[in-house]
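Heads up, start_9.tsv below (TSV, C-alpha atoms):
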```tsv
chain	number	residue	atom	x	y	z
A	117	MET	CA	117.65	203.80	145.92
A	118	VAL	CA	115.30	202.49	143.20
A	119	PRO	CA	111.62	202.64	144.23
A	120	PRO	CA	109.97	199.18	144.64
A	121	ALA	CA	107.34	200.07	142.03
A	122	ALA	CA	110.07	200.70	139.45
A	123	VAL	CA	111.60	197.29	140.17
A	124	ILE	CA	108.24	195.58	139.66
A	125	VAL	CA	107.65	197.41	136.38
A	126	GLY	CA	111.15	196.49	135.22
A	127	LEU	CA	110.45	192.81	135.87
A	128	LEU	CA	107.09	192.87	134.14
A	129	LEU	CA	108.33	194.48	130.92
A	130	PRO	CA	110.42	191.45	129.76
A	131	LEU	CA	107.51	189.13	130.59
A	132	ALA	CA	105.17	191.26	128.50
A	133	ALA	CA	107.62	191.16	125.61
A	134	VAL	CA	107.75	187.35	125.77
A	135	ALA	CA	103.96	187.11	125.83
A	136	THR	CA	103.68	189.45	122.84
A	137	SER	CA	106.25	187.51	120.80
A	138	SER	CA	104.40	184.22	121.34
A	139	SER	CA	101.04	185.61	120.24
A	140	GLY	CA	99.90	185.95	116.65
A	141	PRO	CA	99.56	183.45	113.78
A	142	HIS	CA	101.23	180.04	113.95
A	143	ILE	CA	101.67	176.96	111.78
A	144	ALA	CA	102.08	173.43	113.12
A	145	ASP	CA	105.26	172.63	111.17
A	146	LEU	CA	108.27	174.75	110.30
A	147	ASN	CA	110.07	171.93	108.45
A	148	ILE	CA	108.48	169.28	106.22
A	149	LEU	CA	110.09	166.38	104.35
A	150	LEU	CA	108.20	164.88	101.39
A	151	PRO	CA	109.13	162.27	98.79
A	152	PRO	CA	109.11	163.27	95.11
A	153	ARG	CA	106.16	162.44	92.92
A	154	LEU	CA	106.04	158.74	92.15
A	155	THR	CA	102.97	156.95	90.77
A	156	ASN	CA	100.74	159.33	92.73
A	157	PRO	CA	101.64	162.70	94.23
A	158	VAL	CA	102.21	162.66	97.99
A	159	GLN	CA	100.28	165.23	99.98
A	160	TYR	CA	100.54	166.71	103.46
A	161	ARG	CA	98.14	168.91	105.41
A	162	LEU	CA	99.83	171.99	106.91
A	163	GLN	CA	97.75	173.32	109.79
A	164	GLY	CA	97.70	176.95	110.89
A	165	SER	CA	96.16	178.64	113.92
A	166	ASP	CA	95.37	182.10	115.32
A	167	GLY	CA	95.04	183.59	111.87
A	168	CYS	CA	93.24	183.74	108.54
A	169	PHE	CA	95.83	182.85	105.93
A	170	SER	CA	96.72	183.37	102.33
A	171	TRP	CA	99.28	180.90	101.01
A	172	SER	CA	102.22	181.38	98.67
A	173	TRP	CA	105.27	179.31	97.86
A	174	ASP	CA	108.52	179.17	95.93
A	175	HIS	CA	109.30	176.71	93.12
A	176	HIS	CA	105.91	175.95	91.62
A	177	ASP	CA	107.59	173.16	89.66
A	178	LEU	CA	108.23	171.24	92.90
A	179	LEU	CA	105.16	171.88	94.99
A	180	LEU	CA	101.46	172.62	94.71
A	181	VAL	CA	99.66	174.31	97.61
A	182	GLN	CA	95.87	174.09	97.88
A	183	PRO	CA	94.19	176.23	100.58
A	184	GLU	CA	91.48	174.57	102.67
A	185	TYR	CA	88.41	176.35	103.98
A	186	ASN	CA	86.55	175.11	107.03
A	187	GLY	CA	82.86	174.79	106.17
A	188	SER	CA	81.26	177.94	104.80
A	189	SER	CA	84.01	180.18	106.17
A	190	GLN	CA	86.14	182.06	103.65
A	191	CYS	CA	89.02	181.95	106.10
A	192	SER	CA	91.75	179.39	105.41
A	193	THR	CA	93.55	177.89	108.39
A	194	SER	CA	95.17	174.96	106.58
A	195	ALA	CA	96.53	173.96	103.19
A	196	ARG	CA	97.37	170.77	101.31
A	197	LEU	CA	101.00	170.54	100.21
A	198	ILE	CA	101.39	168.24	97.20
A	199	SER	CA	104.76	167.06	95.91
A	200	ILE	CA	104.52	167.15	92.10
A	201	ALA	CA	108.08	166.83	90.74
A	202	PRO	CA	109.91	163.56	89.93
A	203	TYR	CA	113.18	162.95	91.73
A	204	SER	CA	116.45	164.32	90.44
A	205	ASP	CA	118.25	165.17	93.68
A	206	ARG	CA	117.46	166.70	97.07
A	207	LYS	CA	115.45	169.90	96.65
A	208	GLU	CA	114.42	172.67	99.03
A	209	THR	CA	111.58	175.16	98.78
A	210	ALA	CA	109.35	177.14	101.15
A	211	VAL	CA	105.68	177.83	101.86
A	212	TYR	CA	104.51	181.15	103.32
A	213	ALA	CA	101.36	181.61	105.42
A	214	THR	CA	100.37	185.29	105.61
A	215	ASP	CA	97.73	186.39	108.10
A	216	LEU	CA	95.21	188.57	106.24
A	217	ARG	CA	94.32	190.50	109.41
A	218	THR	CA	97.76	191.46	110.68
A	219	GLY	CA	100.01	190.94	107.67
A	220	SER	CA	102.27	188.66	109.73
A	221	MET	CA	103.96	185.91	107.73
A	222	VAL	CA	105.18	182.49	108.86
A	223	ARG	CA	107.60	180.42	106.75
A	224	CYS	CA	107.69	176.64	106.44
A	225	LYS	CA	110.71	174.98	104.81
A	226	VAL	CA	109.87	172.00	102.57
A	227	LEU	CA	112.47	169.42	101.54
A	228	ILE	CA	112.00	166.91	98.73
A	229	ASP	CA	114.15	163.78	98.86
A	230	LYS	CA	114.07	160.07	98.05
A	231	ILE	CA	113.08	157.32	100.47
A	232	SER	CA	115.96	155.23	101.80
A	233	ARG	CA	114.13	152.82	104.13
A	234	ILE	CA	110.74	152.17	105.73
A	235	LYS	CA	109.63	150.86	109.11
A	236	ILE	CA	106.32	149.37	110.23
A	237	PHE	CA	105.10	150.93	113.47
A	238	HIS	CA	102.59	149.65	116.01
A	239	HIS	CA	102.09	150.75	119.60
A	240	ALA	CA	102.79	147.20	120.87
A	241	VAL	CA	104.07	143.88	119.50
A	242	LYS	CA	101.21	142.01	121.23
A	243	ILE	CA	97.54	142.31	120.34
A	244	ASN	CA	94.54	140.62	121.90
A	245	LEU	CA	92.52	137.91	120.25
A	246	ASP	CA	89.59	139.41	118.27
A	247	ASP	CA	91.04	142.94	118.62
A	248	LEU	CA	91.99	145.26	115.78
A	249	ALA	CA	95.47	146.71	115.41
A	250	THR	CA	96.39	149.65	113.20
A	251	LEU	CA	99.81	149.50	111.58
A	252	HIS	CA	101.38	152.44	109.80
A	253	ILE	CA	104.56	152.91	107.82
A	254	THR	CA	107.18	155.56	108.50
A	255	ALA	CA	109.89	156.32	105.95
A	256	PHE	CA	113.40	157.75	106.31
A	257	ASP	CA	115.88	159.41	103.97
A	258	ASP	CA	119.62	158.70	103.80
A	259	GLU	CA	120.22	160.93	106.84
A	260	GLU	CA	117.51	159.19	108.93
A	261	ASN	CA	115.15	162.16	108.71
A	262	VAL	CA	111.49	161.13	108.96
A	263	PHE	CA	109.14	161.85	106.06
A	264	SER	CA	106.14	163.94	107.01
A	265	SER	CA	103.69	162.00	104.83
A	266	LEU	CA	103.45	158.89	102.66
A	267	VAL	CA	99.81	159.34	101.69
A	268	GLY	CA	99.39	158.31	98.06
A	269	LEU	CA	102.28	155.85	97.88
A	270	ARG	CA	101.49	152.25	96.96
A	271	PHE	CA	102.48	149.38	99.23
A	272	SER	CA	102.17	145.61	99.24
A	273	TRP	CA	101.30	144.02	102.59
A	274	GLN	CA	101.71	140.34	103.38
A	275	LEU	CA	100.76	138.18	106.38
A	276	ILE	CA	103.03	135.16	106.92
A	277	PRO	CA	102.58	132.50	109.65
A	278	LYS	CA	105.61	132.41	111.93
A	279	SER	CA	105.93	128.65	111.54
A	280	LEU	CA	106.86	127.41	108.08
A	281	GLU	CA	105.10	124.08	108.54
A	282	ALA	CA	102.49	123.22	105.93
A	283	GLU	CA	99.64	123.05	108.45
A	284	SER	CA	100.46	126.45	109.91
A	285	MET	CA	97.45	128.73	110.13
A	286	HIS	CA	97.23	132.50	110.12
A	287	ARG	CA	96.98	134.27	113.47
A	288	LEU	CA	96.08	137.58	111.83
A	289	MET	CA	93.71	138.65	109.10
A	290	HIS	CA	93.59	141.88	107.13
A	291	VAL	CA	90.57	144.12	107.71
A	292	PRO	CA	89.84	146.68	104.93
A	293	LEU	CA	89.88	150.27	106.12
A	294	LYS	CA	86.28	150.83	105.06
A	295	GLU	CA	85.19	148.04	107.43
A	296	THR	CA	86.89	149.61	110.46
A	297	PRO	CA	85.96	152.61	112.63
A	298	LEU	CA	88.64	154.52	110.71
A	299	GLY	CA	86.34	154.49	107.69
A	300	ASP	CA	83.84	156.79	109.44
A	301	CYS	CA	85.61	160.10	109.03
A	302	VAL	CA	83.79	162.91	110.84
A	303	SER	CA	86.53	165.53	111.17
A	304	GLY	CA	85.66	167.34	107.94
A	305	PHE	CA	89.21	166.85	106.59
A	306	CYS	CA	89.25	163.29	105.27
A	307	GLU	CA	91.49	163.60	102.22
A	308	ASP	CA	94.22	161.31	103.59
A	309	LEU	CA	91.76	158.56	104.41
A	310	ASP	CA	90.02	158.98	101.05
A	311	VAL	CA	93.32	158.37	99.24
A	312	GLN	CA	94.10	155.33	101.39
A	313	LEU	CA	90.61	153.90	100.79
A	314	GLN	CA	90.95	154.40	97.03
A	315	LEU	CA	94.23	152.47	97.00
A	316	GLU	CA	92.65	149.54	98.84
A	317	ASP	CA	89.66	149.58	96.49
A	318	LYS	CA	92.14	149.09	93.63
A	319	GLY	CA	93.63	146.04	95.34
A	320	LEU	CA	96.71	147.92	96.54
A	321	GLY	CA	97.97	148.81	99.99
A	322	SER	CA	98.59	152.21	101.53
A	323	ASP	CA	100.77	153.39	104.40
A	324	LEU	CA	97.95	152.36	106.77
A	325	TYR	CA	97.00	148.72	107.41
A	326	VAL	CA	94.56	147.15	109.87
A	327	VAL	CA	94.77	143.56	111.13
A	328	LYS	CA	92.65	141.47	113.49
A	329	GLY	CA	93.80	138.73	115.84
A	330	ILE	CA	92.10	135.46	114.90
A	331	GLY	CA	94.35	132.86	116.53
A	332	ILE	CA	96.81	132.60	119.39
A	333	GLY	CA	100.41	132.63	118.24
A	334	HIS	CA	102.83	134.66	116.12
A	335	GLU	CA	102.49	136.19	112.67
A	336	ILE	CA	104.94	138.06	110.45
A	337	VAL	CA	103.66	141.25	108.84
A	338	LYS	CA	105.64	142.39	105.81
A	339	ALA	CA	105.33	145.64	103.85
A	340	LYS	CA	107.01	146.55	100.58
A	341	LEU	CA	106.98	149.69	98.45
A	342	LEU	CA	105.39	149.24	95.02
A	343	GLU	CA	106.92	152.31	93.42
A	344	PRO	CA	109.38	152.43	90.49
A	345	GLN	CA	113.01	151.98	91.59
A	346	LEU	CA	111.89	151.47	95.20
A	347	GLU	CA	110.66	147.86	95.04
A	348	HIS	CA	113.63	146.80	97.18
A	349	VAL	CA	112.51	148.97	100.12
A	350	GLU	CA	110.66	146.77	102.62
A	351	ASP	CA	110.26	145.96	106.31
A	352	GLU	CA	108.70	143.30	108.50
A	353	ILE	CA	107.66	142.84	112.13
A	354	THR	CA	106.39	139.90	114.16
A	355	LEU	CA	103.17	140.36	116.12
A	356	THR	CA	101.99	138.12	118.94
A	357	VAL	CA	98.30	137.34	119.37
A	358	ALA	CA	97.21	136.37	122.88
A	359	GLU	CA	94.04	136.13	124.91
A	360	ALA	CA	93.12	139.15	126.99
A	361	MET	CA	92.82	138.15	130.64
A	362	SER	CA	92.05	139.83	133.95
A	363	LEU	CA	91.73	138.79	137.58
A	364	TYR	CA	88.65	139.39	139.70
A	365	PRO	CA	88.44	141.01	142.18
A	366	PRO	CA	90.75	143.64	140.72
A	367	SER	CA	93.62	145.08	142.72
A	368	PRO	CA	94.16	146.63	145.13
A	369	VAL	CA	92.43	144.30	147.58
A	370	PHE	CA	92.56	145.18	151.29
A	371	VAL	CA	92.23	142.21	153.66
A	372	THR	CA	92.88	141.28	157.26
A	373	VAL	CA	95.45	138.72	158.35
A	374	GLY	CA	94.30	135.15	157.71
A	375	THR	CA	91.73	136.05	155.07
A	376	LEU	CA	91.27	133.59	152.21
A	377	ILE	CA	90.37	135.14	148.85
A	378	TYR	CA	89.16	133.25	145.81
A	379	TYR	CA	90.19	134.84	142.53
A	380	SER	CA	88.58	134.18	139.20
A	381	LEU	CA	90.33	134.48	135.87
A	382	ARG	CA	88.37	136.26	133.19
A	383	VAL	CA	89.15	135.69	129.54
A	384	ILE	CA	87.93	138.45	127.24
A	385	HIS	CA	86.92	137.74	123.64
A	386	GLY	CA	85.63	140.84	121.93
A	387	ASN	CA	82.84	142.13	124.18
A	388	THR	CA	82.23	138.82	125.96
A	389	HIS	CA	83.79	137.52	129.18
A	390	ARG	CA	84.40	133.96	130.31
A	391	GLY	CA	85.23	133.30	133.95
A	392	PHE	CA	87.34	130.54	135.50
A	393	LYS	CA	87.51	130.18	139.27
A	394	GLY	CA	90.86	129.82	140.92
```
Turn this file's structure into structure tokens for me.
Amino acid sequence: MVPPAAVIVGLLLPLAAVATSSSGPHIADLNILLPPRLTNPVQYRLQGSDGCFSWSWDHHDLLLVQPEYNGSSQCSTSARLISIAPYSDRKETAVYATDLRTGSMVRCKVLIDKISRIKIFHHAVKINLDDLATLHITAFDDEENVFSSLVGLRFSWQLIPKSLEAESMHRLMHVPLKETPLGDCVSGFCEDLDVQLQLEDKGLGSDLYVVKGIGIGHEIVKAKLLEPQLEHVEDEITLTVAEAMSLYPPSPVFVTVGTLIYYSLRVIHGNTHRGFKG
């Protein structure tokens, strides 16, 4: 008969092996898809953890890797991956993050391919009057794989009233990134936002676009790539602008049988409230 202590030790050994295998240096992405260099090179931030890394990569003609150092530390935990080659066909390369303390190495596969289509994303198709909404563009290749970054690509954005009548007014207005809370970057790694701000300062659009609801109704938002041989790639969505409302008292309300409750409707504009009794 096997002693109970031996059984317990036997069960713990596999658990210890699992814990050991999951420890050590990590990187946030093992596969990255980037477009080729167009007007500007596209860049992506590869984040590492639990290590102090040196970075190396294959195919220096396809990719440039720039280590990042957090503050005064000489330890790199992230790197900027920059696609530098024009498109010929689908390419594959790799980036290696080696932990200087343990010698452990983690590999990230990087694919370079052309953009087949784009899609405008927003967390909801309805926004409140006077509220800001952040729209961003996601791109796909021919196999519907999602590109990891579009930072640096040039876009044209257009706001079109849903009604085609001459007196139709806009329900949305564009708000420059530098005039939004997004413009106050405090993370220490603001390269993506810097590139997007520079594009807007030049009168161009980036993959990030902020709108504000200024009228109740519907508005079409259209985005189009402004890159050579990709001018046909575009997308559009329709957003609805409505007033934000709430009932007071808020639910749940606990009452006895026969109780009469008067509700008031509150309309919210920005930081102000207007009440209407029911």
For a cutoff of 9 Å around the file-coordinate point (103.7, 137.8, 109.2), which residues qualify once you count only C-alpha atoms? I'd like the result as a PyMOL selection string.
chain A and resi 274-278+286-288+334-338+352-355
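Residue nearest Trp273 in chain A within the list A:Cys168, A:Leu227, A:Ala339, A:Met289: A:Ala339 [criterion: smallest interatomic distance, all atoms listed in the file].
Candidate residues A:Lys242, A:Arg153, A:His176, A:Lys318 were compared for distance to Glu343 in chain A, and the nearest is A:Arg153, using all atoms listed in the file.
If you look at CA of Lys230 in chain A and CA of Leu150 in chain A, they are 8.3 Å away from each other.
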Pick from A:Leu149, A:Ile330, A:Val369, A:Val267, whichever lies nearest to Asp308 in chain A using only C-alpha atoms:
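Closest residue, counting only C-alpha atoms: A:Val267.
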Enter the distance from CA of Ser165 in chain A to CA of Ile228 in chain A, in Å, rounded to one decimal.
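Separating CA of Ser165 in chain A from CA of Ile228 in chain A is a distance of 24.9 Å.
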Of the candidates A:Val349, A:Leu324, A:Ile377, A:Cys306, which shows the shortest atom-to-atom distance to Ala249 in chain A, using all atoms listed in the file?
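For Ala249 in chain A, the nearest of the given residues is A:Leu324.
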At what distance in Å, to one decimal, does CA of Ile200 in chain A lie from CA of Ala213 in chain A?
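Computing it gives 19.9 Å between the two atoms.
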Which polymer residues have any atom within 10 Å of an atom of Glu316 in chain A, counting all atoms listed in the file, with same-chain residues fewer than 3 positions away left out, as a PDB file with C-alpha atoms, keeping the file's coordinate frame?
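Written file, part15.pdb:
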```pdb
ATOM      1  CA  ARG A 270     101.490 152.250  96.960  1.00  0.00           C
ATOM      2  CA  PHE A 271     102.480 149.380  99.230  1.00  0.00           C
ATOM      3  CA  PRO A 292      89.840 146.680 104.930  1.00  0.00           C
ATOM      4  CA  LEU A 293      89.880 150.270 106.120  1.00  0.00           C
ATOM      5  CA  LYS A 294      86.280 150.830 105.060  1.00  0.00           C
ATOM      6  CA  VAL A 311      93.320 158.370  99.240  1.00  0.00           C
ATOM      7  CA  GLN A 312      94.100 155.330 101.390  1.00  0.00           C
ATOM      8  CA  LEU A 313      90.610 153.900 100.790  1.00  0.00           C
ATOM      9  CA  GLY A 319      93.630 146.040  95.340  1.00  0.00           C
ATOM     10  CA  LEU A 320      96.710 147.920  96.540  1.00  0.00           C
ATOM     11  CA  GLY A 321      97.970 148.810  99.990  1.00  0.00           C
ATOM     12  CA  SER A 322      98.590 152.210 101.530  1.00  0.00           C
ATOM     13  CA  LEU A 324      97.950 152.360 106.770  1.00  0.00           C
ATOM     14  CA  TYR A 325      97.000 148.720 107.410  1.00  0.00           C
TER      15      TYR A 325
END
```
Considering only C-alpha atoms, can you say which of A:Leu245, A:Val371, A:Val262, A:Leu376 comes closest to Gly329 in chain A?
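Among the listed residues, A:Leu245 lies closest to Gly329 in chain A.
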List the neighbours of Ser204 in chain A out to 12 Å using all atoms listed in the file; skip same-chain residues closer than 2 positions along the sequence, and give me the result as a PyMOL selection string.
chain A and resi 151-154+178+201-202+206-207+228-230
Could the residues in this selection be written to a file with C-alpha atoms, as a short mmCIF file (atom, residue, chain, number, x, y, z; two decimals), in the coordinates of the input?
```cif
data_model
loop_
_atom_site.label_atom_id
_atom_site.label_comp_id
_atom_site.auth_asym_id
_atom_site.auth_seq_id
_atom_site.Cartn_x
_atom_site.Cartn_y
_atom_site.Cartn_z
CA PRO A 151 109.13 162.27 98.79
CA PRO A 152 109.11 163.27 95.11
CA ARG A 153 106.16 162.44 92.92
CA LEU A 154 106.04 158.74 92.15
CA LEU A 178 108.23 171.24 92.90
CA ALA A 201 108.08 166.83 90.74
CA PRO A 202 109.91 163.56 89.93
CA ARG A 206 117.46 166.70 97.07
CA LYS A 207 115.45 169.90 96.65
CA ILE A 228 112.00 166.91 98.73
CA ASP A 229 114.15 163.78 98.86
CA LYS A 230 114.07 160.07 98.05
#
```
Given the point (100.3, 190.7, 104.3) in the coordinates of this file, which residues lie within 12 Å, counting all atoms listed in the file, and how would they look as an MDAnalysis selection string?
chainID A and resid 141 167:172 212:222
Using all atoms listed in the file, find the one residue out of A:Ile231, A:Ala255, A:Leu162, A:Ala210 that sits nearest to Leu197 in chain A.
A:Leu162
Leu363 in chain A environment, 8 Å, all atoms listed in the file, sequence neighbours closer than 6 positions dropped, as a list in words
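Non-adjacent residues within range: Tyr379, Ser380, Leu381 and Arg382 of chain A.
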Might you pull out every residue within 6 Å of range 250-253 of chain A, with only C-alpha atoms counted and same-chain residues fewer than 3 positions away left off, and present them as a PyMOL selection string?
chain A and resi 235-238+323-326
Long-range neighbours of Glu307 in chain A as JSON, numbers by chain, 12 Å cut-off, all atoms listed in the file, 6 positions minimum in chain
{"A": [158, 159, 160, 161, 184, 195, 196, 197, 267, 268, 299, 301, 313, 314]}
